[in-house]
$ cat input-v3.pdb   # PDB, C-alpha atoms
ATOM      1  CA  MET A 947     117.998 313.612 121.184
ATOM      2  CA  ARG A 948     116.553 317.053 121.966
ATOM      3  CA  ALA A 949     119.802 318.093 123.702
ATOM      4  CA  ALA A 950     121.902 316.920 120.747
ATOM      5  CA  ALA A 951     119.709 318.850 118.310
ATOM      6  CA  ALA A 952     120.003 321.958 120.482
ATOM      7  CA  ASP A 953     123.806 321.552 120.535
ATOM      8  CA  TYR A 954     123.827 321.690 116.726
ATOM      9  CA  VAL A 955     121.512 324.694 116.620
ATOM     10  CA  TRP A 956     123.786 326.579 119.046
ATOM     11  CA  ALA A 957     126.820 325.547 117.016
ATOM     12  CA  LEU A 958     125.194 326.951 113.867
ATOM     13  CA  VAL A 959     124.349 330.174 115.712
ATOM     14  CA  ARG A 960     127.998 330.375 116.847
ATOM     15  CA  LEU A 961     129.320 329.806 113.331
ATOM     16  CA  SER A 962     126.877 332.309 111.845
ATOM     17  CA  LEU A 963     127.708 335.025 114.333
ATOM     18  CA  GLY A 964     131.402 334.289 113.927
ATOM     19  CA  TRP A 965     131.065 334.773 110.182
ATOM     20  CA  ILE A 966     129.338 338.140 110.707
ATOM     21  CA  PHE A 967     132.320 339.421 112.700
ATOM     22  CA  LEU A 968     134.975 337.800 110.521
ATOM     23  CA  TRP A 969     133.340 339.131 107.333
ATOM     24  CA  ALA A 970     133.245 342.653 108.790
ATOM     25  CA  PHE A 971     136.971 342.337 109.525
ATOM     26  CA  LEU A 972     137.824 341.023 106.050
ATOM     27  CA  ASP A 973     135.669 343.628 104.285
ATOM     28  CA  LYS A 974     137.261 346.482 106.245
ATOM     29  CA  LEU A 975     140.753 345.048 105.844
ATOM     30  CA  PHE A 976     140.651 344.396 102.099
ATOM     31  CA  GLY A 977     137.766 346.583 100.906
ATOM     32  CA  LEU A 978     135.810 343.732  99.368
ATOM     33  CA  GLY A 979     133.127 346.115  98.158
ATOM     34  CA  HIS A 980     130.249 345.127 100.409
ATOM     35  CA  GLU A 981     130.418 347.983 102.915
ATOM     36  CA  THR A 982     133.999 349.045 102.286
ATOM     37  CA  THR A 983     135.437 349.989  98.919
ATOM     38  CA  SER A 984     138.960 349.009  97.933
ATOM     39  CA  LYS A 985     139.994 352.644  98.321
ATOM     40  CA  GLN A 986     138.684 352.644 101.928
ATOM     41  CA  ALA A 987     140.394 349.348 102.837
ATOM     42  CA  TRP A 988     142.585 349.361 105.912
ATOM     43  CA  ILE A 989     145.491 347.907 103.914
ATOM     44  CA  ASN A 990     145.158 350.872 101.540
ATOM     45  CA  GLY A 991     145.330 353.445 104.330
ATOM     46  CA  GLY A 992     141.636 353.555 105.206
ATOM     47  CA  GLN A 993     140.445 354.138 108.742
ATOM     48  CA  PRO A 994     137.960 351.421 109.743
ATOM     49  CA  THR A 995     136.429 353.383 112.617
ATOM     50  CA  TYR A 996     136.222 356.786 110.956
ATOM     51  CA  GLY A 997     132.991 356.600 108.964
ATOM     52  CA  PHE A 998     130.819 354.979 111.623
ATOM     53  CA  LEU A 999     132.146 356.917 114.592
ATOM     54  CA  LYS A1000     132.278 360.263 112.781
ATOM     55  CA  HIS A1001     129.014 360.130 110.835
ATOM     56  CA  ALA A1002     126.703 357.572 112.485
ATOM     57  CA  ALA A1003     127.382 358.463 116.119
ATOM     58  CA  LYS A1004     124.552 360.255 117.857
ATOM     59  CA  GLY A1005     123.180 360.735 121.311
ATOM     60  CA  PRO A1006     124.923 361.461 124.589
ATOM     61  CA  LEU A1007     128.254 359.840 123.624
ATOM     62  CA  LYS A1008     128.526 361.404 120.154
ATOM     63  CA  GLY A1009     131.357 363.744 121.168
ATOM     64  CA  PHE A1010     133.392 360.922 122.660
ATOM     65  CA  TYR A1011     133.000 358.691 119.600
ATOM     66  CA  ASN A1012     133.609 361.564 117.165
ATOM     67  CA  GLY A1013     136.823 362.287 119.066
ATOM     68  CA  ILE A1014     138.263 358.792 118.658
ATOM     69  CA  ALA A1015     137.049 358.284 115.064
ATOM     70  CA  GLY A1016     139.907 357.164 112.848
ATOM     71  CA  THR A1017     142.597 357.199 115.531
ATOM     72  CA  ALA A1018     145.208 354.501 115.035
ATOM     73  CA  TRP A1019     144.597 352.909 118.446
ATOM     74  CA  ALA A1020     140.824 352.760 117.911
ATOM     75  CA  ASP A1021     141.283 351.259 114.431
ATOM     76  CA  TRP A1022     143.665 348.604 115.762
ATOM     77  CA  LEU A1023     141.480 347.684 118.737
ATOM     78  CA  PHE A1024     138.362 347.527 116.575
ATOM     79  CA  MET A1025     139.988 345.377 113.894
ATOM     80  CA  LEU A1026     141.593 343.053 116.450
ATOM     81  CA  ALA A1027     138.228 342.705 118.186
ATOM     82  CA  LEU A1028     136.433 341.856 114.925
ATOM     83  CA  ALA A1029     139.088 339.335 113.869
ATOM     84  CA  GLY A1030     139.524 337.771 117.303
ATOM     85  CA  LEU A1031     135.817 337.462 117.901
ATOM     86  CA  GLY A1032     135.166 336.025 114.452
ATOM     87  CA  ILE A1033     137.984 333.492 114.713
ATOM     88  CA  ALA A1034     137.096 332.455 118.281
ATOM     89  CA  LEU A1035     133.448 331.917 117.403
ATOM     90  CA  ILE A1036     134.160 330.041 114.182
ATOM     91  CA  LEU A1037     136.760 327.771 115.789
ATOM     92  CA  GLY A1038     134.833 327.429 119.055
ATOM     93  CA  ILE A1039     137.867 328.277 121.182
ATOM     94  CA  GLY A1040     138.382 331.040 123.692
ATOM     95  CA  MET A1041     134.625 331.348 124.100
ATOM     96  CA  ARG A1042     134.851 332.884 127.574
ATOM     97  CA  ILE A1043     137.165 335.670 126.441
ATOM     98  CA  ALA A1044     135.084 336.047 123.278
ATOM     99  CA  ALA A1045     131.997 336.506 125.468
ATOM    100  CA  VAL A1046     133.633 339.308 127.444
ATOM    101  CA  ALA A1047     135.265 341.016 124.450
ATOM    102  CA  GLY A1048     132.207 340.553 122.242
ATOM    103  CA  THR A1049     129.928 342.013 124.889
ATOM    104  CA  ILE A1050     132.178 345.057 125.270
ATOM    105  CA  LEU A1051     132.354 345.542 121.486
ATOM    106  CA  CYS A1052     128.603 345.154 120.990
ATOM    107  CA  VAL A1053     127.679 347.423 123.898
ATOM    108  CA  MET A1054     130.082 350.090 122.650
ATOM    109  CA  MET A1055     128.612 349.872 119.150
ATOM    110  CA  TRP A1056     125.125 350.098 120.671
ATOM    111  CA  SER A1057     126.113 353.142 122.748
ATOM    112  CA  THR A1058     127.340 354.892 119.606
ATOM    113  CA  VAL A1059     123.812 355.194 118.200
ATOM    114  CA  LEU A1060     121.713 356.025 121.245
ATOM    115  CA  PRO A1061     118.818 355.867 121.094
ATOM    116  CA  PRO A1062     118.709 352.973 118.611
ATOM    117  CA  GLU A1063     116.917 353.575 115.332
ATOM    118  CA  ASN A1064     114.016 351.141 115.711
ATOM    119  CA  ASN A1065     113.489 350.980 119.473
ATOM    120  CA  VAL A1066     113.954 353.221 122.467
ATOM    121  CA  PHE A1067     116.464 350.819 124.027
ATOM    122  CA  MET A1068     116.921 347.411 122.417
ATOM    123  CA  ASP A1069     118.675 346.635 119.151
ATOM    124  CA  TYR A1070     120.551 343.786 117.519
ATOM    125  CA  ARG A1071     123.885 344.768 119.075
ATOM    126  CA  LEU A1072     122.604 344.038 122.585
ATOM    127  CA  ILE A1073     121.027 340.807 121.367
ATOM    128  CA  PHE A1074     124.368 339.797 119.801
ATOM    129  CA  ALA A1075     126.048 340.443 123.186
ATOM    130  CA  LEU A1076     123.512 338.259 124.989
ATOM    131  CA  VAL A1077     123.829 335.490 122.407
ATOM    132  CA  ILE A1078     127.630 335.497 122.637
ATOM    133  CA  ILE A1079     127.404 335.196 126.425
ATOM    134  CA  GLY A1080     124.895 332.364 126.037
ATOM    135  CA  LEU A1081     127.141 330.563 123.553
ATOM    136  CA  ALA A1082     129.966 330.550 126.088
ATOM    137  CA  LEU A1083     127.656 329.375 128.871
ATOM    138  CA  VAL A1084     126.327 326.398 126.885
ATOM    139  CA  GLU A1085     129.842 325.563 125.635
ATOM    140  CA  ALA A1086     128.720 325.882 122.032
ATOM    141  CA  GLY A1087     132.337 325.607 120.871
ATOM    142  CA  ASP A1088     132.323 321.889 121.714
ATOM    143  CA  THR A1089     129.930 321.019 118.855
ATOM    144  CA  LEU A1090     131.227 321.542 115.312
ATOM    145  CA  GLY A1091     134.205 323.320 116.833
ATOM    146  CA  LEU A1092     137.517 322.817 118.562
ATOM    147  CA  GLY A1093     136.230 323.714 122.028
ATOM    148  CA  ARG A1094     136.460 320.257 123.552
ATOM    149  CA  PRO A1095     140.072 319.478 122.515
ATOM    150  CA  TRP A1096     141.059 323.096 123.238
ATOM    151  CA  GLY A1097     139.612 322.749 126.739
ATOM    152  CA  HIS A1098     141.807 319.691 127.401
ATOM    153  CA  THR A1099     145.086 321.462 126.579
ATOM    154  CA  ALA A1100     147.523 322.115 129.419
ATOM    155  CA  LEU A1101     147.265 325.852 128.787
ATOM    156  CA  VAL A1102     143.480 325.941 129.187
ATOM    157  CA  ARG A1103     143.556 323.603 132.182
ATOM    158  CA  HIS A1104     146.026 326.019 133.779
ATOM    159  CA  LEU A1105     144.106 329.143 132.672
ATOM    160  CA  PRO A1106     140.400 328.177 132.450
ATOM    161  CA  ILE A1107     139.439 331.697 131.313
ATOM    162  CA  LEU A1108     140.849 330.629 127.933
ATOM    163  CA  LYS A1109     138.175 327.888 127.532
TER     164      LYS A1109
END

$ encode --input "input-v3.pdb" --output "structure tokens"
Amino acid sequence: MRAAAADYVWALVRLSLGWIFLWAFLDKLFGLGHETTSKQAWINGGQPTYGFLKHAAKGPLKGFYNGIAGTAWADWLFMLALAGLGIALILGIGMRIAAVAGTILCVMMWSTVLPPENNVFMDYRLIFALVIIGLALVEAGDTLGLGRPWGHTALVRHLPILK
């Protein structure tokens, strides 16, 4: 019973974290008014990476992040990462790739604001990375998700990295 309860807790963590990433994508895409205005929306010509990378970046990598702020390739990669990560976590599929991509995204976002605001090293972005890795390791996509049937497809059996 304890293991089953833990499976549901991890599934809820997966769904919650997936919603965080998917919401960020939707808000930046459509300018839903939470963090992004309609005028700043990607579909209206906004640059999803510009504000954060140009104005929030600090520390030893500030120059690098300022240099890529608002470039088309950075905007596309960032938006694809947000959408892909959100969808993978919500559906519970592709958890292994989501763990790798999510870790890269979170560590890059963490490295943009070095040192973090409330701690000399640790912040929520690194914790998100660790949680995403943990979700893949415990196969959290199998509970309240499509992970189990996805894992039995011929494609995933042939390419287990897609699990």

$ closest_residue --input "input-v3.pdb" --among "A:Leu1090, A:Ile1014, A:Ile1073, A:Leu978" --to "Asp953 of chain A" --atoms "only C-alpha atoms"
A:Leu1090

$ atom_distance --input "input-v3.pdb" --atom1 "atom CA of Val959 of chain A" --atom2 "atom CA of Ser1057 of chain A"
24.1 Å

$ atom_distance --input "input-v3.pdb" --atom1 "atom CA of Gly964 of chain A" --atom2 "atom CA of Thr1058 of chain A"
21.8 Å

$ closest_residue --input "input-v3.pdb" --among "A:Leu1060, A:Ile1078, A:Leu1037, A:Leu1092" --to "Tyr1011 of chain A" --atoms "all atoms listed in the file"
A:Leu1060

$ residues_around --input "input-v3.pdb" --residues "Leu958 of chain A" --least-positions-apart "6" --cutoff "12 Å" --atoms "only C-alpha atoms" --output "list in words"
Ala951, Ala952, Gly964, Trp965, Leu1035, Ile1036, Leu1037, Gly1038, Leu1081, Ala1086, Gly1087, Asp1088, Thr1089, Leu1090 and Gly1091 of chain A

$ residues_around --input "input-v3.pdb" --residues "Leu1072 of chain A" --least-positions-apart "6" --cutoff "7 Å" --atoms "only C-alpha atoms" --output "list of chain:residue names"
A:Cys1052, A:Val1053, A:Trp1056

$ atom_distance --input "input-v3.pdb" --atom1 "atom CA of Gly991 of chain A" --atom2 "atom CA of Gly1013 of chain A"
19.2 Å

$ closest_residue --input "input-v3.pdb" --among "A:Glu981, A:Ala1003, A:Arg1103, A:Val1084" --to "Ala949 of chain A" --atoms "all atoms listed in the file"
A:Val1084

$ closest_residue --input "input-v3.pdb" --among "A:Gly1097, A:Ile1079, A:Pro1106, A:Gly997" --to "Trp956 of chain A" --atoms "all atoms listed in the file"
A:Ile1079

$ closest_residue --input "input-v3.pdb" --among "A:Gly1048, A:Gly1030, A:Pro1061, A:Pro1095" --to "Pro1006 of chain A" --atoms "only C-alpha atoms"
A:Pro1061

$ closest_residue --input "input-v3.pdb" --among "A:Leu1028, A:Lys1109, A:Ala1100, A:Arg948" --to "Leu975 of chain A" --atoms "only C-alpha atoms"
A:Leu1028

$ resolve_selection --input "input-v3.pdb" --expression "the PyMOL selection byres ((chain A and resi 1032) around 12)" --output "ChimeraX atom specification"
/A:960-972,1025-1031,1033-1041,1044-1045,1047-1048,1078
